[in-house]
Amino acid sequence: MESKFTSVVDPYYAKCHTDVMCGRFALTATPEELLELFGLLEAEGFPARFNIAPTQPIIVVVASERAEPGSNLPERKALLVRWGFTPGWVKDPRKFPLLINARAETAIEKAAFRAAMRHRRVLVPASGFYEWQRPAKGSRDAAQAFWVRPRKGGIVALAGLMETWSSAEGSEVDTAAILTTGANRAVSHIHDRMPVVIQPEDFSSWLDCKSQEPRDVADLMVPAAEDYFEAIPISEKVNKVTNTGPDLQDEVTPAAPIPKKRRADDRDDGGQMSLF
């Protein structure tokens, strides 16, 4: 499986979005840890990845096909998909926005995500994510990067949506987006959005697209508990996708004081090209 994980970002993405802070996250867990948390049948070996970027392959967890009565096979399996959601009705993905996020508040009704919310909900394993605190408009200060991780460590399961896009020639690409919601207190001073986190006791409900309709899982798409995450200021190394070492997560002293609250009207990215 290692050869499938590449640090090279799709040229189209790189060409169009080099001046925009893009979303990044990390997954450094072992296959054994994934097996234990998600109850998978198997998880092939894969390298620790400290700087996962849009258009790269990511691991998602999906519900397995219903097993025969009395079977003890796991109810879930892991797949590799492209991070960057493409609805099935899109004719030319190169002319369609790169959807790395889906807003939880509107995904049920949005044409791009409506079918996936009903039929293809997934979990995205992560060790944490990166976010950038942007300076006020007009300021020449650089954005401050943060490594946001579960305070108690371990793997976090982000809520995601999956779609398989088929070309006119018949080739298929599995794609995914991460659902976001309003930020809690631990993250709001950096950004006004954060990922939707699904707790282990809710995995089955979230992944059950046969009997659990979107309205049945709406109460799961809320901010994580206030003490769930901690935000660590880090260097600008994470800005470059070619930097992939564990030193990306080393704590640094911010160049400027960190404001207590980030204003929602400071955003200028439309919510897509920042991870959350």
# chains A, B, ... in the order shown; residues from 1 in each chain; ligands from 1
>>> select_by_dssp(residues="segment 4-139 of chain A", states="helix (DSSP H, G or I)", output="PyMOL selection string")
chain A and resi 4+11-16+31-38+93-95+114-119
>>> write_last_selection(atoms="N, CA and C atoms", output="PDB file, in the first residue's frame")
ATOM      1  N   LYS A   4       0.954   3.828  -2.862  1.00  0.00           N
ATOM      2  CA  LYS A   4      -0.238   4.614  -3.149  1.00  0.00           C
ATOM      3  C   LYS A   4      -0.231   5.943  -2.412  1.00  0.00           C
ATOM      4  N   PRO A  11      -1.361  18.585  -9.970  1.00  0.00           N
ATOM      5  CA  PRO A  11      -0.881  19.824 -10.599  1.00  0.00           C
ATOM      6  C   PRO A  11      -1.969  20.880 -10.743  1.00  0.00           C
ATOM      7  N   TYR A  12      -3.212  20.452 -11.010  1.00  0.00           N
ATOM      8  CA  TYR A  12      -4.296  21.422 -11.153  1.00  0.00           C
ATOM      9  C   TYR A  12      -4.518  22.180  -9.857  1.00  0.00           C
ATOM     10  N   TYR A  13      -4.471  21.438  -8.746  1.00  0.00           N
ATOM     11  CA  TYR A  13      -4.644  22.073  -7.437  1.00  0.00           C
ATOM     12  C   TYR A  13      -3.503  23.040  -7.169  1.00  0.00           C
ATOM     13  N   ALA A  14      -2.266  22.589  -7.438  1.00  0.00           N
ATOM     14  CA  ALA A  14      -1.097  23.410  -7.168  1.00  0.00           C
ATOM     15  C   ALA A  14      -1.114  24.684  -8.004  1.00  0.00           C
ATOM     16  N   LYS A  15      -1.525  24.578  -9.254  1.00  0.00           N
ATOM     17  CA  LYS A  15      -1.536  25.723 -10.149  1.00  0.00           C
ATOM     18  C   LYS A  15      -2.563  26.759  -9.723  1.00  0.00           C
ATOM     19  N   CYS A  16      -3.730  26.284  -9.312  1.00  0.00           N
ATOM     20  CA  CYS A  16      -4.832  27.207  -9.057  1.00  0.00           C
ATOM     21  C   CYS A  16      -4.842  27.775  -7.646  1.00  0.00           C
ATOM     22  N   PRO A  31      -1.487   0.443  11.776  1.00  0.00           N
ATOM     23  CA  PRO A  31      -2.633  -0.354  11.318  1.00  0.00           C
ATOM     24  C   PRO A  31      -3.332  -1.056  12.477  1.00  0.00           C
ATOM     25  N   GLU A  32      -2.556  -1.492  13.455  1.00  0.00           N
ATOM     26  CA  GLU A  32      -3.146  -2.185  14.615  1.00  0.00           C
ATOM     27  C   GLU A  32      -4.073  -1.255  15.392  1.00  0.00           C
ATOM     28  N   GLU A  33      -3.691   0.015  15.511  1.00  0.00           N
ATOM     29  CA  GLU A  33      -4.536   0.970  16.229  1.00  0.00           C
ATOM     30  C   GLU A  33      -5.843   1.229  15.466  1.00  0.00           C
ATOM     31  N   LEU A  34      -5.759   1.271  14.147  1.00  0.00           N
ATOM     32  CA  LEU A  34      -6.971   1.442  13.346  1.00  0.00           C
ATOM     33  C   LEU A  34      -7.890   0.233  13.482  1.00  0.00           C
ATOM     34  N   LEU A  35      -7.288  -0.961  13.447  1.00  0.00           N
ATOM     35  CA  LEU A  35      -8.083  -2.184  13.599  1.00  0.00           C
ATOM     36  C   LEU A  35      -8.842  -2.179  14.908  1.00  0.00           C
ATOM     37  N   GLU A  36      -8.161  -1.781  15.971  1.00  0.00           N
ATOM     38  CA  GLU A  36      -8.776  -1.821  17.301  1.00  0.00           C
ATOM     39  C   GLU A  36      -9.892  -0.793  17.441  1.00  0.00           C
ATOM     40  N   LEU A  37      -9.666   0.431  16.993  1.00  0.00           N
ATOM     41  CA  LEU A  37     -10.659   1.483  17.181  1.00  0.00           C
ATOM     42  C   LEU A  37     -11.880   1.296  16.292  1.00  0.00           C
ATOM     43  N   PHE A  38     -11.650   0.943  15.029  1.00  0.00           N
ATOM     44  CA  PHE A  38     -12.753   0.911  14.073  1.00  0.00           C
ATOM     45  C   PHE A  38     -13.334  -0.477  13.842  1.00  0.00           C
ATOM     46  N   PRO A  93     -14.232  17.396 -13.891  1.00  0.00           N
ATOM     47  CA  PRO A  93     -13.759  17.793 -12.564  1.00  0.00           C
ATOM     48  C   PRO A  93     -12.792  18.967 -12.594  1.00  0.00           C
ATOM     49  N   ARG A  94     -12.093  19.162 -13.703  1.00  0.00           N
ATOM     50  CA  ARG A  94     -11.136  20.265 -13.791  1.00  0.00           C
ATOM     51  C   ARG A  94     -11.824  21.618 -13.789  1.00  0.00           C
ATOM     52  N   LYS A  95     -13.118  21.631 -14.095  1.00  0.00           N
ATOM     53  CA  LYS A  95     -13.874  22.875 -14.104  1.00  0.00           C
ATOM     54  C   LYS A  95     -14.787  22.995 -12.880  1.00  0.00           C
ATOM     55  N   ARG A 114     -26.023  16.090  -1.093  1.00  0.00           N
ATOM     56  CA  ARG A 114     -27.284  15.511  -0.625  1.00  0.00           C
ATOM     57  C   ARG A 114     -27.311  13.984  -0.745  1.00  0.00           C
ATOM     58  N   ALA A 115     -26.911  13.441  -1.889  1.00  0.00           N
ATOM     59  CA  ALA A 115     -26.948  11.988  -2.071  1.00  0.00           C
ATOM     60  C   ALA A 115     -25.946  11.285  -1.165  1.00  0.00           C
ATOM     61  N   ALA A 116     -24.754  11.860  -0.999  1.00  0.00           N
ATOM     62  CA  ALA A 116     -23.744  11.246  -0.139  1.00  0.00           C
ATOM     63  C   ALA A 116     -24.177  11.271   1.325  1.00  0.00           C
ATOM     64  N   MET A 117     -24.851  12.335   1.743  1.00  0.00           N
ATOM     65  CA  MET A 117     -25.346  12.387   3.119  1.00  0.00           C
ATOM     66  C   MET A 117     -26.339  11.263   3.375  1.00  0.00           C
ATOM     67  N   ARG A 118     -27.074  10.905   2.372  1.00  0.00           N
ATOM     68  CA  ARG A 118     -28.076   9.844   2.549  1.00  0.00           C
ATOM     69  C   ARG A 118     -27.481   8.456   2.393  1.00  0.00           C
ATOM     70  N   HIS A 119     -26.515   8.285   1.500  1.00  0.00           N
ATOM     71  CA  HIS A 119     -26.081   6.943   1.134  1.00  0.00           C
ATOM     72  C   HIS A 119     -24.612   6.623   1.381  1.00  0.00           C
TER      73      HIS A 119
END
>>> residues_around(residues="segment 237-251 of chain A", least_positions_apart="5", cutoff="7 Å", atoms="only C-alpha atoms", output="count of residues only")
7
>>> residues_around(residues="segment 175-189 of chain A", least_positions_apart="2", cutoff="7 Å", atoms="only C-alpha atoms", output="PyMOL selection string")
chain A and resi 81-86+99-104+158-164+173+191-196+221-224+226+229-230+259-262+276
>>> residues_around(residues="segment 125-142 of chain A", least_positions_apart="5", cutoff="8 Å", atoms="only C-alpha atoms", output="short mmCIF file (atom, residue, chain, number, x, y, z; two decimals) with N, CA and C atoms, in the first residue's frame")
data_model
loop_
_atom_site.label_atom_id
_atom_site.label_comp_id
_atom_site.auth_asym_id
_atom_site.auth_seq_id
_atom_site.Cartn_x
_atom_site.Cartn_y
_atom_site.Cartn_z
N MET A 21 -4.21 29.30 1.71
CA MET A 21 -3.90 28.32 2.75
C MET A 21 -4.81 27.11 2.59
N GLY A 23 -6.09 23.04 3.30
CA GLY A 23 -6.30 22.17 4.44
C GLY A 23 -5.24 21.09 4.51
N ARG A 24 -4.86 20.73 5.71
CA ARG A 24 -3.91 19.65 5.94
C ARG A 24 -4.31 18.90 7.21
N PHE A 25 -4.01 17.60 7.25
CA PHE A 25 -4.13 16.85 8.50
C PHE A 25 -3.07 15.77 8.52
N ALA A 26 -3.03 15.02 9.59
CA ALA A 26 -2.01 13.98 9.75
C ALA A 26 -2.66 12.69 10.23
N LEU A 27 -2.04 11.58 9.86
CA LEU A 27 -2.44 10.27 10.37
C LEU A 27 -1.16 9.48 10.61
N THR A 28 -0.83 9.31 11.87
CA THR A 28 0.42 8.63 12.23
C THR A 28 0.16 7.35 13.02
N ALA A 29 -1.09 6.92 13.08
CA ALA A 29 -1.45 5.71 13.82
C ALA A 29 -0.97 4.46 13.09
N LEU A 34 -5.76 1.27 14.15
CA LEU A 34 -6.97 1.44 13.35
C LEU A 34 -7.89 0.23 13.48
N ILE A 59 -7.30 7.57 3.91
CA ILE A 59 -8.03 6.39 4.36
C ILE A 59 -9.40 6.82 4.89
N VAL A 60 -10.43 6.13 4.46
CA VAL A 60 -11.76 6.31 5.04
C VAL A 60 -12.29 4.96 5.48
N VAL A 61 -13.15 4.99 6.47
CA VAL A 61 -13.79 3.79 6.99
C VAL A 61 -15.25 3.80 6.57
N TRP A 147 -1.07 23.06 15.18
CA TRP A 147 -1.33 21.63 15.15
C TRP A 147 -2.41 21.38 16.20
N VAL A 148 -3.57 20.93 15.76
CA VAL A 148 -4.72 20.72 16.65
C VAL A 148 -4.90 19.22 16.82
N ARG A 149 -4.78 18.73 18.03
CA ARG A 149 -4.80 17.30 18.29
C ARG A 149 -5.70 16.98 19.48
N PRO A 150 -6.16 15.73 19.57
CA PRO A 150 -6.93 15.34 20.74
C PRO A 150 -6.08 15.51 22.00
N GLY A 153 -4.63 12.40 23.16
CA GLY A 153 -3.91 11.62 22.18
C GLY A 153 -4.81 10.62 21.46
N GLY A 154 -4.20 9.75 20.69
CA GLY A 154 -4.96 8.73 19.98
C GLY A 154 -5.50 9.21 18.65
N ILE A 155 -6.43 8.44 18.11
CA ILE A 155 -7.01 8.72 16.79
C ILE A 155 -8.34 9.44 16.97
N VAL A 156 -8.58 10.39 16.09
CA VAL A 156 -9.88 11.06 16.05
C VAL A 156 -10.58 10.63 14.77
N ALA A 157 -11.88 10.38 14.85
CA ALA A 157 -12.68 9.97 13.69
C ALA A 157 -13.47 11.18 13.20
N LEU A 158 -13.08 11.72 12.05
CA LEU A 158 -13.77 12.86 11.47
C LEU A 158 -14.92 12.37 10.59
N HIS A 189 -10.44 30.67 18.57
CA HIS A 189 -9.48 31.79 18.49
C HIS A 189 -8.58 31.66 17.26
N ILE A 190 -8.62 30.48 16.60
CA ILE A 190 -7.83 30.26 15.39
C ILE A 190 -8.72 30.37 14.16
N HIS A 191 -9.86 29.72 14.22
CA HIS A 191 -10.76 29.64 13.06
C HIS A 191 -12.17 29.45 13.56
N ARG A 262 -11.21 34.84 17.08
CA ARG A 262 -11.07 35.15 15.65
C ARG A 262 -12.43 35.54 15.11
N ASP A 266 -13.46 37.96 9.24
CA ASP A 266 -12.09 38.05 8.74
C ASP A 266 -11.83 37.02 7.66
N SER A 274 -9.59 26.20 3.26
CA SER A 274 -9.02 25.94 4.57
C SER A 274 -9.67 24.67 5.04
N LEU A 275 -8.92 23.81 5.72
CA LEU A 275 -9.44 22.48 6.03
C LEU A 275 -10.78 22.54 6.72
N PHE A 276 -10.93 23.45 7.68
CA PHE A 276 -12.20 23.50 8.39
C PHE A 276 -12.81 24.89 8.37
#
